[in-house]
file start-v3.pdb (PDB, C-alpha atoms and all ligand atoms)
ATOM      1  CA  MET P   6      20.553  -4.301 -44.136  1.00  0.00           C
ATOM      2  CA  LEU P   7      18.037  -1.722 -45.294  1.00  0.00           C
ATOM      3  CA  ILE P   8      15.149  -0.721 -43.014  1.00  0.00           C
ATOM      4  CA  ILE P   9      12.143   0.887 -44.687  1.00  0.00           C
ATOM      5  CA  VAL P  10       9.952   2.780 -42.240  1.00  0.00           C
ATOM      6  CA  GLY P  11       6.323   3.380 -43.206  1.00  0.00           C
ATOM      7  CA  SER P  12       5.513   6.202 -40.787  1.00  0.00           C
ATOM      8  CA  ARG P  13       6.601   9.828 -41.063  1.00  0.00           C
ATOM      9  CA  ARG P  14       6.469  10.646 -37.375  1.00  0.00           C
ATOM     10  CA  ASP P  15       9.139  10.010 -34.794  1.00  0.00           C
ATOM     11  CA  GLY P  16       6.947   7.190 -33.564  1.00  0.00           C
ATOM     12  CA  ASN P  17       6.934   3.480 -32.893  1.00  0.00           C
ATOM     13  CA  SER P  18       8.096   2.377 -36.352  1.00  0.00           C
ATOM     14  CA  LEU P  19      11.113   4.689 -36.373  1.00  0.00           C
ATOM     15  CA  LYS P  20      11.953   3.882 -32.749  1.00  0.00           C
ATOM     16  CA  LEU P  21      11.949   0.168 -33.547  1.00  0.00           C
ATOM     17  CA  ALA P  22      14.111   0.814 -36.636  1.00  0.00           C
ATOM     18  CA  ASN P  23      16.613   2.708 -34.475  1.00  0.00           C
ATOM     19  CA  LYS P  24      16.775  -0.187 -31.985  1.00  0.00           C
ATOM     20  CA  ILE P  25      17.449  -2.654 -34.818  1.00  0.00           C
ATOM     21  CA  LYS P  26      20.127  -0.387 -36.306  1.00  0.00           C
ATOM     22  CA  GLU P  27      21.806   0.056 -32.928  1.00  0.00           C
ATOM     23  CA  ALA P  28      21.939  -3.725 -32.399  1.00  0.00           C
ATOM     24  CA  PHE P  29      23.282  -4.499 -35.885  1.00  0.00           C
ATOM     25  CA  ASP P  30      25.812  -1.663 -35.871  1.00  0.00           C
ATOM     26  CA  LYS P  31      27.313  -3.392 -32.821  1.00  0.00           C
ATOM     27  CA  GLU P  32      27.658  -6.556 -34.933  1.00  0.00           C
ATOM     28  CA  ARG P  33      29.371  -4.447 -37.630  1.00  0.00           C
ATOM     29  CA  ILE P  34      26.530  -5.087 -40.033  1.00  0.00           C
ATOM     30  CA  ASN P  35      25.948  -2.004 -42.112  1.00  0.00           C
ATOM     31  CA  THR P  36      22.370  -0.898 -41.527  1.00  0.00           C
ATOM     32  CA  GLU P  37      20.555   2.028 -43.061  1.00  0.00           C
ATOM     33  CA  ILE P  38      17.113   3.441 -42.297  1.00  0.00           C
ATOM     34  CA  ILE P  39      14.977   5.212 -44.886  1.00  0.00           C
ATOM     35  CA  VAL P  40      11.625   6.933 -44.370  1.00  0.00           C
ATOM     36  CA  PRO P  41      10.066   7.169 -47.856  1.00  0.00           C
ATOM     37  CA  GLY P  42       7.249   9.388 -46.577  1.00  0.00           C
ATOM     38  CA  ASN P  43       9.758  12.097 -45.768  1.00  0.00           C
ATOM     39  CA  GLN P  44      11.342  11.926 -49.222  1.00  0.00           C
ATOM     40  CA  LYS P  45      10.250  13.221 -52.606  1.00  0.00           C
ATOM     41  CA  ILE P  46       8.600  10.235 -54.303  1.00  0.00           C
ATOM     42  CA  HIS P  47       6.019  10.435 -57.059  1.00  0.00           C
ATOM     43  CA  ILE P  48       3.124   8.019 -57.035  1.00  0.00           C
ATOM     44  CA  CYS P  49       3.396   5.332 -59.735  1.00  0.00           C
ATOM     45  CA  THR P  50       1.165   6.213 -62.694  1.00  0.00           C
ATOM     46  CA  GLY P  51       0.981   2.595 -63.868  1.00  0.00           C
ATOM     47  CA  CYS P  52       2.388   3.484 -67.316  1.00  0.00           C
ATOM     48  CA  MET P  53       4.275   0.153 -67.320  1.00  0.00           C
ATOM     49  CA  ASP P  54       7.227   1.635 -69.256  1.00  0.00           C
ATOM     50  CA  CYS P  55       9.544   0.096 -66.638  1.00  0.00           C
ATOM     51  CA  ASP P  56       8.321  -3.347 -67.678  1.00  0.00           C
ATOM     52  CA  LYS P  57       9.975  -2.728 -71.056  1.00  0.00           C
ATOM     53  CA  ASP P  58      13.324  -1.228 -70.035  1.00  0.00           C
ATOM     54  CA  GLY P  59      13.532  -1.414 -66.239  1.00  0.00           C
ATOM     55  CA  ILE P  60      13.652   2.385 -66.029  1.00  0.00           C
ATOM     56  CA  CYS P  61      11.147   4.728 -64.400  1.00  0.00           C
ATOM     57  CA  GLY P  62      10.598   8.115 -66.069  1.00  0.00           C
ATOM     58  CA  PHE P  63      10.400   9.952 -62.735  1.00  0.00           C
ATOM     59  CA  THR P  64      13.558  11.537 -61.368  1.00  0.00           C
ATOM     60  CA  ASP P  65      13.134  11.597 -57.608  1.00  0.00           C
ATOM     61  CA  ASP P  66      14.395   9.933 -54.435  1.00  0.00           C
ATOM     62  CA  MET P  67      13.378   6.478 -55.674  1.00  0.00           C
ATOM     63  CA  LYS P  68      16.441   6.426 -57.941  1.00  0.00           C
ATOM     64  CA  ASN P  69      18.659   6.337 -54.863  1.00  0.00           C
ATOM     65  CA  ASN P  70      16.307   4.027 -52.990  1.00  0.00           C
ATOM     66  CA  ILE P  71      16.353   1.499 -55.827  1.00  0.00           C
ATOM     67  CA  GLU P  72      20.163   1.446 -55.700  1.00  0.00           C
ATOM     68  CA  LYS P  73      19.949   0.819 -51.947  1.00  0.00           C
ATOM     69  CA  VAL P  74      17.462  -2.005 -52.415  1.00  0.00           C
ATOM     70  CA  LYS P  75      19.709  -3.503 -55.112  1.00  0.00           C
ATOM     71  CA  ASN P  76      22.707  -3.389 -52.780  1.00  0.00           C
ATOM     72  CA  ASN P  77      21.008  -4.979 -49.770  1.00  0.00           C
ATOM     73  CA  ASN P  78      19.960  -8.593 -49.463  1.00  0.00           C
ATOM     74  CA  ASP P  79      18.073  -8.083 -46.189  1.00  0.00           C
ATOM     75  CA  LEU P  80      15.129  -5.693 -46.326  1.00  0.00           C
ATOM     76  CA  VAL P  81      13.185  -4.849 -43.175  1.00  0.00           C
ATOM     77  CA  PHE P  82       9.748  -3.370 -43.872  1.00  0.00           C
ATOM     78  CA  ILE P  83       8.127  -1.742 -40.844  1.00  0.00           C
ATOM     79  CA  THR P  84       4.578  -0.572 -41.364  1.00  0.00           C
ATOM     80  CA  PRO P  85       2.209   1.123 -38.973  1.00  0.00           C
ATOM     81  CA  THR P  86      -1.230  -0.484 -39.247  1.00  0.00           C
ATOM     82  CA  ARG P  87      -3.702   1.820 -40.979  1.00  0.00           C
ATOM     83  CA  TRP P  88      -7.261   0.585 -41.381  1.00  0.00           C
ATOM     84  CA  ASN P  89      -5.972  -2.961 -40.880  1.00  0.00           C
ATOM     85  CA  ILE P  90      -3.548  -2.741 -43.807  1.00  0.00           C
ATOM     86  CA  LEU P  91      -0.119  -1.280 -44.563  1.00  0.00           C
ATOM     87  CA  SER P  92       0.593   2.441 -44.655  1.00  0.00           C
ATOM     88  CA  GLY P  93       0.191   4.440 -47.854  1.00  0.00           C
ATOM     89  CA  ASP P  94       3.850   5.465 -47.743  1.00  0.00           C
ATOM     90  CA  ILE P  95       4.982   1.840 -47.814  1.00  0.00           C
ATOM     91  CA  LYS P  96       2.551   1.080 -50.642  1.00  0.00           C
ATOM     92  CA  ILE P  97       3.834   3.994 -52.751  1.00  0.00           C
ATOM     93  CA  PHE P  98       7.392   2.752 -52.142  1.00  0.00           C
ATOM     94  CA  MET P  99       6.465  -0.806 -53.179  1.00  0.00           C
ATOM     95  CA  ASP P 100       4.788   0.330 -56.396  1.00  0.00           C
ATOM     96  CA  ARG P 101       7.875   2.313 -57.356  1.00  0.00           C
ATOM     97  CA  LEU P 102      10.019  -0.846 -56.985  1.00  0.00           C
ATOM     98  CA  ASN P 103       8.435  -2.187 -60.166  1.00  0.00           C
ATOM     99  CA  PRO P 104      11.461  -1.254 -62.354  1.00  0.00           C
ATOM    100  CA  LEU P 105      13.528  -3.580 -60.154  1.00  0.00           C
ATOM    101  CA  PHE P 106      10.840  -6.271 -60.091  1.00  0.00           C
ATOM    102  CA  SER P 107      10.562  -6.241 -63.891  1.00  0.00           C
ATOM    103  CA  ARG P 108      14.255  -7.197 -64.015  1.00  0.00           C
ATOM    104  CA  ARG P 109      13.802  -9.931 -61.355  1.00  0.00           C
ATOM    105  CA  GLY P 110      15.737  -7.662 -59.007  1.00  0.00           C
ATOM    106  CA  LEU P 111      13.742  -8.493 -55.880  1.00  0.00           C
ATOM    107  CA  LYS P 112      13.748 -12.262 -56.376  1.00  0.00           C
ATOM    108  CA  GLY P 113      15.601 -14.128 -53.630  1.00  0.00           C
ATOM    109  CA  LYS P 114      16.048 -11.148 -51.320  1.00  0.00           C
ATOM    110  CA  ASN P 115      15.179 -11.593 -47.661  1.00  0.00           C
ATOM    111  CA  MET P 116      12.179  -9.707 -46.361  1.00  0.00           C
ATOM    112  CA  ILE P 117      11.643  -9.090 -42.661  1.00  0.00           C
ATOM    113  CA  ALA P 118       8.032  -7.984 -42.233  1.00  0.00           C
ATOM    114  CA  VAL P 119       6.881  -5.980 -39.209  1.00  0.00           C
ATOM    115  CA  SER P 120       3.523  -4.402 -38.455  1.00  0.00           C
ATOM    116  CA  ILE P 121       2.764  -2.133 -35.518  1.00  0.00           C
ATOM    117  CA  GLY P 122      -0.699  -1.125 -34.369  1.00  0.00           C
ATOM    118  CA  ALA P 123      -2.791   0.283 -31.567  1.00  0.00           C
ATOM    119  CA  LYS P 124      -5.251  -2.572 -31.272  1.00  0.00           C
ATOM    120  CA  SER P 125      -4.800  -5.766 -29.285  1.00  0.00           C
ATOM    121  CA  ASP P 126      -3.643  -8.998 -30.886  1.00  0.00           C
ATOM    122  CA  ASP P 127      -7.075 -10.650 -30.672  1.00  0.00           C
ATOM    123  CA  LEU P 128      -8.547  -8.036 -33.050  1.00  0.00           C
ATOM    124  CA  TYR P 129      -6.291  -9.273 -35.899  1.00  0.00           C
ATOM    125  CA  SER P 130      -5.623  -5.739 -37.126  1.00  0.00           C
ATOM    126  CA  THR P 131      -1.825  -5.995 -37.169  1.00  0.00           C
ATOM    127  CA  GLU P 132      -2.200  -9.520 -38.566  1.00  0.00           C
ATOM    128  CA  ALA P 133      -4.018  -8.122 -41.604  1.00  0.00           C
ATOM    129  CA  ALA P 134      -1.372  -5.417 -42.030  1.00  0.00           C
ATOM    130  CA  LEU P 135       1.360  -8.024 -41.818  1.00  0.00           C
ATOM    131  CA  THR P 136      -0.408 -10.149 -44.417  1.00  0.00           C
ATOM    132  CA  SER P 137      -0.309  -7.250 -46.871  1.00  0.00           C
ATOM    133  CA  LEU P 138       3.483  -7.007 -46.469  1.00  0.00           C
ATOM    134  CA  ILE P 139       3.863 -10.766 -46.851  1.00  0.00           C
ATOM    135  CA  SER P 140       1.686 -10.784 -49.992  1.00  0.00           C
ATOM    136  CA  PHE P 141       3.971  -8.177 -51.533  1.00  0.00           C
ATOM    137  CA  ALA P 142       7.023 -10.316 -50.690  1.00  0.00           C
ATOM    138  CA  GLU P 143       5.431 -13.406 -52.195  1.00  0.00           C
ATOM    139  CA  SER P 144       4.389 -11.671 -55.400  1.00  0.00           C
ATOM    140  CA  SER P 145       7.831 -10.150 -55.894  1.00  0.00           C
ATOM    141  CA  GLY P 146       9.764 -13.359 -55.198  1.00  0.00           C
ATOM    142  CA  MET P 147      11.244 -12.334 -51.862  1.00  0.00           C
ATOM    143  CA  ASN P 148      11.632 -14.786 -48.998  1.00  0.00           C
ATOM    144  CA  VAL P 149      10.007 -13.760 -45.739  1.00  0.00           C
ATOM    145  CA  ILE P 150      12.589 -14.910 -43.205  1.00  0.00           C
ATOM    146  CA  LEU P 151      10.886 -13.353 -40.185  1.00  0.00           C
ATOM    147  CA  ASP P 152       7.631 -11.608 -39.396  1.00  0.00           C
ATOM    148  CA  LYS P 153       6.478  -9.850 -36.276  1.00  0.00           C
ATOM    149  CA  LYS P 154       3.493  -7.883 -34.987  1.00  0.00           C
ATOM    150  CA  PHE P 155       3.663  -5.307 -32.217  1.00  0.00           C
ATOM    151  CA  ASN P 156       0.249  -4.599 -30.711  1.00  0.00           C
ATOM    152  CA  ASN P 157      -1.073  -2.081 -28.182  1.00  0.00           C
ATOM    153  CA  CYS P 158       1.090   0.732 -29.546  1.00  0.00           C
ATOM    154  CA  LEU P 159      -0.998   3.889 -29.971  1.00  0.00           C
ATOM    155  CA  GLY P 160       1.125   6.737 -28.578  1.00  0.00           C
ATOM    156  CA  SER P 161       4.371   7.499 -30.373  1.00  0.00           C
ATOM    157  CA  ASP P 162       6.526   6.035 -27.548  1.00  0.00           C
ATOM    158  CA  ASP P 163       4.409   3.017 -26.669  1.00  0.00           C
ATOM    159  CA  ILE P 164       6.716   0.514 -28.313  1.00  0.00           C
ATOM    160  CA  LEU P 165       9.431   1.382 -25.804  1.00  0.00           C
ATOM    161  CA  SER P 166       7.431  -0.443 -23.130  1.00  0.00           C
ATOM    162  CA  HIS P 167       7.733  -3.658 -25.214  1.00  0.00           C
ATOM    163  CA  GLU P 168      11.435  -4.019 -24.460  1.00  0.00           C
ATOM    164  CA  ASP P 169      11.449  -7.809 -23.992  1.00  0.00           C
ATOM    165  CA  GLU P 170       9.531  -8.296 -27.232  1.00  0.00           C
ATOM    166  CA  ILE P 171      11.937  -6.009 -29.094  1.00  0.00           C
ATOM    167  CA  ASN P 172      14.972  -7.813 -27.706  1.00  0.00           C
ATOM    168  CA  SER P 173      13.678 -11.261 -28.587  1.00  0.00           C
ATOM    169  CA  PHE P 174      12.737 -10.056 -32.086  1.00  0.00           C
ATOM    170  CA  ILE P 175      16.256  -8.666 -32.578  1.00  0.00           C
ATOM    171  CA  SER P 176      17.935 -11.852 -31.362  1.00  0.00           C
ATOM    172  CA  GLU P 177      15.730 -13.943 -33.651  1.00  0.00           C
ATOM    173  CA  LEU P 178      16.713 -11.670 -36.524  1.00  0.00           C
ATOM    174  CA  LYS P 179      20.393 -12.061 -35.669  1.00  0.00           C
ATOM    175  CA  ASN P 180      19.982 -15.843 -35.812  1.00  0.00           C
ATOM    176  CA  LYS P 181      18.200 -15.672 -39.143  1.00  0.00           C
ATOM    177  CA  ILE P 182      20.922 -13.671 -40.799  1.00  0.00           C
ATOM    178  CA  ASN P 183      23.697 -15.611 -39.060  1.00  0.00           C
ATOM    179  CA  CYS P 184      25.456 -13.048 -36.962  1.00  0.00           C
TER     180      CYS P 184
HETATM  181  C1  LIG C   1      -5.250   6.720 -40.181  1.00  0.00           C
HETATM  182  C2  LIG C   1      -4.859   5.742 -39.116  1.00  0.00           C
HETATM  183  C3  LIG C   1      -5.451   4.509 -39.114  1.00  0.00           C
HETATM  184  C4  LIG C   1      -5.100   3.577 -38.130  1.00  0.00           C
HETATM  185  N1  LIG C   1      -5.693   2.345 -38.171  1.00  0.00           N
HETATM  186  C5  LIG C   1      -5.320   1.397 -37.252  1.00  0.00           C
HETATM  187  C6  LIG C   1      -5.842   0.073 -37.328  1.00  0.00           C
HETATM  188  O1  LIG C   1      -6.631  -0.267 -38.199  1.00  0.00           O
HETATM  189  N2  LIG C   1      -5.433  -0.827 -36.393  1.00  0.00           N
HETATM  190  C7  LIG C   1      -4.540  -0.509 -35.406  1.00  0.00           C
HETATM  191  O2  LIG C   1      -4.179  -1.395 -34.609  1.00  0.00           O
HETATM  192  N3  LIG C   1      -4.018   0.735 -35.309  1.00  0.00           N
HETATM  193  C8  LIG C   1      -4.383   1.701 -36.206  1.00  0.00           C
HETATM  194  N4  LIG C   1      -3.843   2.971 -36.154  1.00  0.00           N
HETATM  195  C9  LIG C   1      -2.890   3.282 -35.067  1.00  0.00           C
HETATM  196  C10 LIG C   1      -1.434   3.142 -35.493  1.00  0.00           C
HETATM  197  O3  LIG C   1      -1.212   1.923 -36.164  1.00  0.00           O
HETATM  198  C11 LIG C   1      -0.517   3.179 -34.263  1.00  0.00           C
HETATM  199  O4  LIG C   1      -0.660   4.392 -33.600  1.00  0.00           O
HETATM  200  C12 LIG C   1       0.941   2.915 -34.628  1.00  0.00           C
HETATM  201  O5  LIG C   1       1.683   2.760 -33.459  1.00  0.00           O
HETATM  202  C13 LIG C   1       1.489   4.058 -35.453  1.00  0.00           C
HETATM  203  O6  LIG C   1       2.853   3.839 -35.746  1.00  0.00           O
HETATM  204  P1  LIG C   1       3.881   5.053 -35.717  1.00  0.00           P
HETATM  205  O7  LIG C   1       3.993   5.502 -34.275  1.00  0.00           O
HETATM  206  O8  LIG C   1       5.139   4.483 -36.228  1.00  0.00           O
HETATM  207  O9  LIG C   1       3.303   6.124 -36.586  1.00  0.00           O
HETATM  208  C14 LIG C   1      -4.155   3.918 -37.125  1.00  0.00           C
HETATM  209  C15 LIG C   1      -3.562   5.175 -37.152  1.00  0.00           C
HETATM  210  C16 LIG C   1      -3.893   6.081 -38.138  1.00  0.00           C
HETATM  211  C17 LIG C   1      -3.220   7.432 -38.157  1.00  0.00           C
END

call {"tool": "encode", "arguments": {"input": "start-v3.pdb", "output": "structure tokens", "more": "lines below"}}
Ligand SMILES: Cc1cc2nc3c(=O)[nH]c(=O)nc-3n(C[C@H](O)[C@H](O)[C@H](O)COP(=O)(O)O)c2cc1C
result
Amino acid sequence: MLIIVGSRRDGNSLKLANKIKEAFDKERINTEIIVPGNQKIHICTGCMDCDKDGICGFTDDMKNNIEKVKNNNDLVFITPTRWNILSGDIKIFMDRLNPLFSRRGLKGKNMIAVSIGAKSDDLYSTEAALTSLISFAESSGMNVILDKKFNNCLGSDDILSHEDEINSFISELKNKINC
């Protein structure tokens, strides 16, 4: 399982990713976390060369990331909510997956979509962020096997007070991937 974290700080997204990794390590399921925002990744120029040959002209950390995405069937995307949508770091990462997409390399993979935000559920802010992740999955041919919003998380530790929610999310995820 590959967990892609859309926030650079040691905050709620990374803390949730660590909880998931801890739980799946116990099940002997190999789980890796990446934080694209803390890597060297150029922004896609839209040249579309990768549509022709499946290769991106940039040499940066996306080369390794693409190999990781290729080698994992279960991809967990965790985005902090920013202005009701996904984080810029996650968007840059998605755009740079186009070489894989152009070779049908994302089709059939499992996407687990998670959004985290400061606002309450009734303001639909995390819902809108989640929708942007789900739209990406749909347009790239991935199957969304689970989605989840965490609300009322403003401070970088706030998610830790949602322990029951985290545990039920993790057990649902274990059921979905049959472990
Ligand atoms: C630029 C910016 C915009 C934000 N916009 C929203 C928003 O629209 N809705 C919301 O619920 N939270 C918003 N937040 C709050 C973050 O989503 C929240 O603090 C989240 O827990 C951050 O995740 P992290 O701790 O993993 O960085 C915003 C934060 C930043 C920095």

call {"tool": "closest_residue", "arguments": {"input": "start-v3.pdb", "among": "P:Asn76, P:Asn69, P:Asn148, P:Asn156", "to": "ligand LIG 1 (chain C)", "atoms": "all atoms listed in the file"}}
result
P:Asn156

call {"tool": "closest_residue", "arguments": {"input": "start-v3.pdb", "among": "P:Lys112, P:Asp169, P:Lys154, P:Val119", "to": "Ala142 of chain P", "atoms": "all atoms listed in the file"}}
result
P:Lys112

call {"tool": "closest_atom_pairs", "arguments": {"input": "start-v3.pdb", "of": "chain P", "to": "ligand LIG 1 (chain C)", "cutoff": "9 Å", "atoms": "all atoms listed in the file", "output": "JSON lines"}}
result
{"residue": "P:Val10", "atom": "CA", "partner": "C:LIG1", "partner_atom": "O8", "distance": 7.9}
{"residue": "P:Gly11", "atom": "CA", "partner": "C:LIG1", "partner_atom": "O8", "distance": 7.2}
{"residue": "P:Ser12", "atom": "CA", "partner": "C:LIG1", "partner_atom": "O9", "distance": 4.7}
{"residue": "P:Arg13", "atom": "CA", "partner": "C:LIG1", "partner_atom": "O9", "distance": 6.7}
{"residue": "P:Arg14", "atom": "CA", "partner": "C:LIG1", "partner_atom": "O9", "distance": 5.6}
{"residue": "P:Asp15", "atom": "CA", "partner": "C:LIG1", "partner_atom": "O7", "distance": 6.9}
{"residue": "P:Gly16", "atom": "CA", "partner": "C:LIG1", "partner_atom": "O7", "distance": 3.5}
{"residue": "P:Asn17", "atom": "CA", "partner": "C:LIG1", "partner_atom": "O7", "distance": 3.8}
{"residue": "P:Ser18", "atom": "CA", "partner": "C:LIG1", "partner_atom": "O8", "distance": 3.6}
{"residue": "P:Leu19", "atom": "CA", "partner": "C:LIG1", "partner_atom": "O8", "distance": 6.0}
{"residue": "P:Lys20", "atom": "CA", "partner": "C:LIG1", "partner_atom": "O8", "distance": 7.7}
{"residue": "P:Leu21", "atom": "CA", "partner": "C:LIG1", "partner_atom": "O8", "distance": 8.5}
{"residue": "P:Ile83", "atom": "CA", "partner": "C:LIG1", "partner_atom": "O8", "distance": 8.3}
{"residue": "P:Thr84", "atom": "CA", "partner": "C:LIG1", "partner_atom": "O8", "distance": 7.2}
{"residue": "P:Pro85", "atom": "CA", "partner": "C:LIG1", "partner_atom": "O6", "distance": 4.3}
{"residue": "P:Thr86", "atom": "CA", "partner": "C:LIG1", "partner_atom": "O3", "distance": 3.9}
{"residue": "P:Arg87", "atom": "CA", "partner": "C:LIG1", "partner_atom": "N1", "distance": 3.5}
{"residue": "P:Trp88", "atom": "CA", "partner": "C:LIG1", "partner_atom": "O1", "distance": 3.4}
{"residue": "P:Asn89", "atom": "CA", "partner": "C:LIG1", "partner_atom": "O1", "distance": 3.9}
{"residue": "P:Ile90", "atom": "CA", "partner": "C:LIG1", "partner_atom": "O1", "distance": 6.9}
{"residue": "P:Ser92", "atom": "CA", "partner": "C:LIG1", "partner_atom": "C2", "distance": 8.4}
{"residue": "P:Ser120", "atom": "CA", "partner": "C:LIG1", "partner_atom": "O3", "distance": 8.2}
{"residue": "P:Ile121", "atom": "CA", "partner": "C:LIG1", "partner_atom": "O5", "distance": 5.4}
{"residue": "P:Gly122", "atom": "CA", "partner": "C:LIG1", "partner_atom": "O2", "distance": 3.5}
{"residue": "P:Ala123", "atom": "CA", "partner": "C:LIG1", "partner_atom": "O2", "distance": 3.7}
{"residue": "P:Lys124", "atom": "CA", "partner": "C:LIG1", "partner_atom": "O2", "distance": 3.7}
{"residue": "P:Ser125", "atom": "CA", "partner": "C:LIG1", "partner_atom": "O2", "distance": 6.9}
{"residue": "P:Asp126", "atom": "CA", "partner": "C:LIG1", "partner_atom": "O2", "distance": 8.5}
{"residue": "P:Leu128", "atom": "CA", "partner": "C:LIG1", "partner_atom": "O2", "distance": 8.1}
{"residue": "P:Tyr129", "atom": "CA", "partner": "C:LIG1", "partner_atom": "O2", "distance": 8.3}
{"residue": "P:Ser130", "atom": "CA", "partner": "C:LIG1", "partner_atom": "N2", "distance": 5.0}
{"residue": "P:Thr131", "atom": "CA", "partner": "C:LIG1", "partner_atom": "O2", "distance": 5.8}
{"residue": "P:Ala133", "atom": "CA", "partner": "C:LIG1", "partner_atom": "O1", "distance": 9.0}
{"residue": "P:Ala134", "atom": "CA", "partner": "C:LIG1", "partner_atom": "O1", "distance": 8.3}
{"residue": "P:Phe155", "atom": "CA", "partner": "C:LIG1", "partner_atom": "O5", "distance": 8.4}
{"residue": "P:Asn156", "atom": "CA", "partner": "C:LIG1", "partner_atom": "O2", "distance": 6.7}
{"residue": "P:Asn157", "atom": "CA", "partner": "C:LIG1", "partner_atom": "O2", "distance": 7.2}
{"residue": "P:Cys158", "atom": "CA", "partner": "C:LIG1", "partner_atom": "O5", "distance": 4.4}
{"residue": "P:Leu159", "atom": "CA", "partner": "C:LIG1", "partner_atom": "O4", "distance": 3.7}
{"residue": "P:Gly160", "atom": "CA", "partner": "C:LIG1", "partner_atom": "O4", "distance": 5.8}
{"residue": "P:Ser161", "atom": "CA", "partner": "C:LIG1", "partner_atom": "O7", "distance": 4.4}
{"residue": "P:Asp162", "atom": "CA", "partner": "C:LIG1", "partner_atom": "O7", "distance": 7.2}
{"residue": "P:Asp163", "atom": "CA", "partner": "C:LIG1", "partner_atom": "O5", "distance": 7.3}
{"residue": "P:Ile164", "atom": "CA", "partner": "C:LIG1", "partner_atom": "O5", "distance": 7.5}

call {"tool": "write_last_selection", "arguments": {"input": "start-v3.pdb", "atoms": "C-alpha atoms", "output": "short mmCIF file (atom, residue, chain, number, x, y, z; two decimals), keeping the file's coordinate frame"}}
result
data_model
loop_
_atom_site.label_atom_id
_atom_site.label_comp_id
_atom_site.auth_asym_id
_atom_site.auth_seq_id
_atom_site.Cartn_x
_atom_site.Cartn_y
_atom_site.Cartn_z
CA VAL P 10 9.95 2.78 -42.24
CA GLY P 11 6.32 3.38 -43.21
CA SER P 12 5.51 6.20 -40.79
CA ARG P 13 6.60 9.83 -41.06
CA ARG P 14 6.47 10.65 -37.38
CA ASP P 15 9.14 10.01 -34.79
CA GLY P 16 6.95 7.19 -33.56
CA ASN P 17 6.93 3.48 -32.89
CA SER P 18 8.10 2.38 -36.35
CA LEU P 19 11.11 4.69 -36.37
CA LYS P 20 11.95 3.88 -32.75
CA LEU P 21 11.95 0.17 -33.55
CA ILE P 83 8.13 -1.74 -40.84
CA THR P 84 4.58 -0.57 -41.36
CA PRO P 85 2.21 1.12 -38.97
CA THR P 86 -1.23 -0.48 -39.25
CA ARG P 87 -3.70 1.82 -40.98
CA TRP P 88 -7.26 0.58 -41.38
CA ASN P 89 -5.97 -2.96 -40.88
CA ILE P 90 -3.55 -2.74 -43.81
CA SER P 92 0.59 2.44 -44.66
CA SER P 120 3.52 -4.40 -38.46
CA ILE P 121 2.76 -2.13 -35.52
CA GLY P 122 -0.70 -1.12 -34.37
CA ALA P 123 -2.79 0.28 -31.57
CA LYS P 124 -5.25 -2.57 -31.27
CA SER P 125 -4.80 -5.77 -29.28
CA ASP P 126 -3.64 -9.00 -30.89
CA LEU P 128 -8.55 -8.04 -33.05
CA TYR P 129 -6.29 -9.27 -35.90
CA SER P 130 -5.62 -5.74 -37.13
CA THR P 131 -1.82 -6.00 -37.17
CA ALA P 133 -4.02 -8.12 -41.60
CA ALA P 134 -1.37 -5.42 -42.03
CA PHE P 155 3.66 -5.31 -32.22
CA ASN P 156 0.25 -4.60 -30.71
CA ASN P 157 -1.07 -2.08 -28.18
CA CYS P 158 1.09 0.73 -29.55
CA LEU P 159 -1.00 3.89 -29.97
CA GLY P 160 1.12 6.74 -28.58
CA SER P 161 4.37 7.50 -30.37
CA ASP P 162 6.53 6.04 -27.55
CA ASP P 163 4.41 3.02 -26.67
CA ILE P 164 6.72 0.51 -28.31
#

call {"tool": "residues_near_point", "arguments": {"input": "start-v3.pdb", "point": "(13.2, -9.8, -47.9)", "cutoff": "7 Å", "atoms": "only C-alpha atoms", "output": "CSV table (one decimal) with C-alpha atoms, in the frame of the given file"}}
result
chain,number,residue,atom,x,y,z
P,79,ASP,CA,18.1,-8.1,-46.2
P,80,LEU,CA,15.1,-5.7,-46.3
P,81,VAL,CA,13.2,-4.8,-43.2
P,114,LYS,CA,16.0,-11.1,-51.3
P,115,ASN,CA,15.2,-11.6,-47.7
P,116,MET,CA,12.2,-9.7,-46.4
P,117,ILE,CA,11.6,-9.1,-42.7
P,142,ALA,CA,7.0,-10.3,-50.7
P,147,MET,CA,11.2,-12.3,-51.9
P,148,ASN,CA,11.6,-14.8,-49.0
P,149,VAL,CA,10.0,-13.8,-45.7
P,150,ILE,CA,12.6,-14.9,-43.2

call {"tool": "residues_around", "arguments": {"input": "start-v3.pdb", "residues": "Cys52 of chain P", "least_positions_apart": "2", "cutoff": "12 Å", "atoms": "only C-alpha atoms", "output": "PDB file with C-alpha atoms, in the coordinates of the input"}}
result
ATOM      1  CA  ILE P  48       3.124   8.019 -57.035  1.00  0.00           C
ATOM      2  CA  CYS P  49       3.396   5.332 -59.735  1.00  0.00           C
ATOM      3  CA  THR P  50       1.165   6.213 -62.694  1.00  0.00           C
ATOM      4  CA  ASP P  54       7.227   1.635 -69.256  1.00  0.00           C
ATOM      5  CA  CYS P  55       9.544   0.096 -66.638  1.00  0.00           C
ATOM      6  CA  ASP P  56       8.321  -3.347 -67.678  1.00  0.00           C
ATOM      7  CA  LYS P  57       9.975  -2.728 -71.056  1.00  0.00           C
ATOM      8  CA  ILE P  60      13.652   2.385 -66.029  1.00  0.00           C
ATOM      9  CA  CYS P  61      11.147   4.728 -64.400  1.00  0.00           C
ATOM     10  CA  GLY P  62      10.598   8.115 -66.069  1.00  0.00           C
ATOM     11  CA  PHE P  63      10.400   9.952 -62.735  1.00  0.00           C
ATOM     12  CA  ASP P 100       4.788   0.330 -56.396  1.00  0.00           C
ATOM     13  CA  ARG P 101       7.875   2.313 -57.356  1.00  0.00           C
ATOM     14  CA  ASN P 103       8.435  -2.187 -60.166  1.00  0.00           C
ATOM     15  CA  PRO P 104      11.461  -1.254 -62.354  1.00  0.00           C
TER      16      PRO P 104
END

call {"tool": "residues_around", "arguments": {"input": "start-v3.pdb", "residues": "Phe98 of chain P", "least_positions_apart": "5", "cutoff": "8 Å", "atoms": "only C-alpha atoms", "output": "short mmCIF file (atom, residue, chain, number, x, y, z; two decimals) with C-alpha atoms, keeping the file's coordinate frame"}}
result
data_model
loop_
_atom_site.label_atom_id
_atom_site.label_comp_id
_atom_site.auth_asym_id
_atom_site.auth_seq_id
_atom_site.Cartn_x
_atom_site.Cartn_y
_atom_site.Cartn_z
CA PRO P 41 10.07 7.17 -47.86
CA ILE P 46 8.60 10.24 -54.30
CA MET P 67 13.38 6.48 -55.67
#
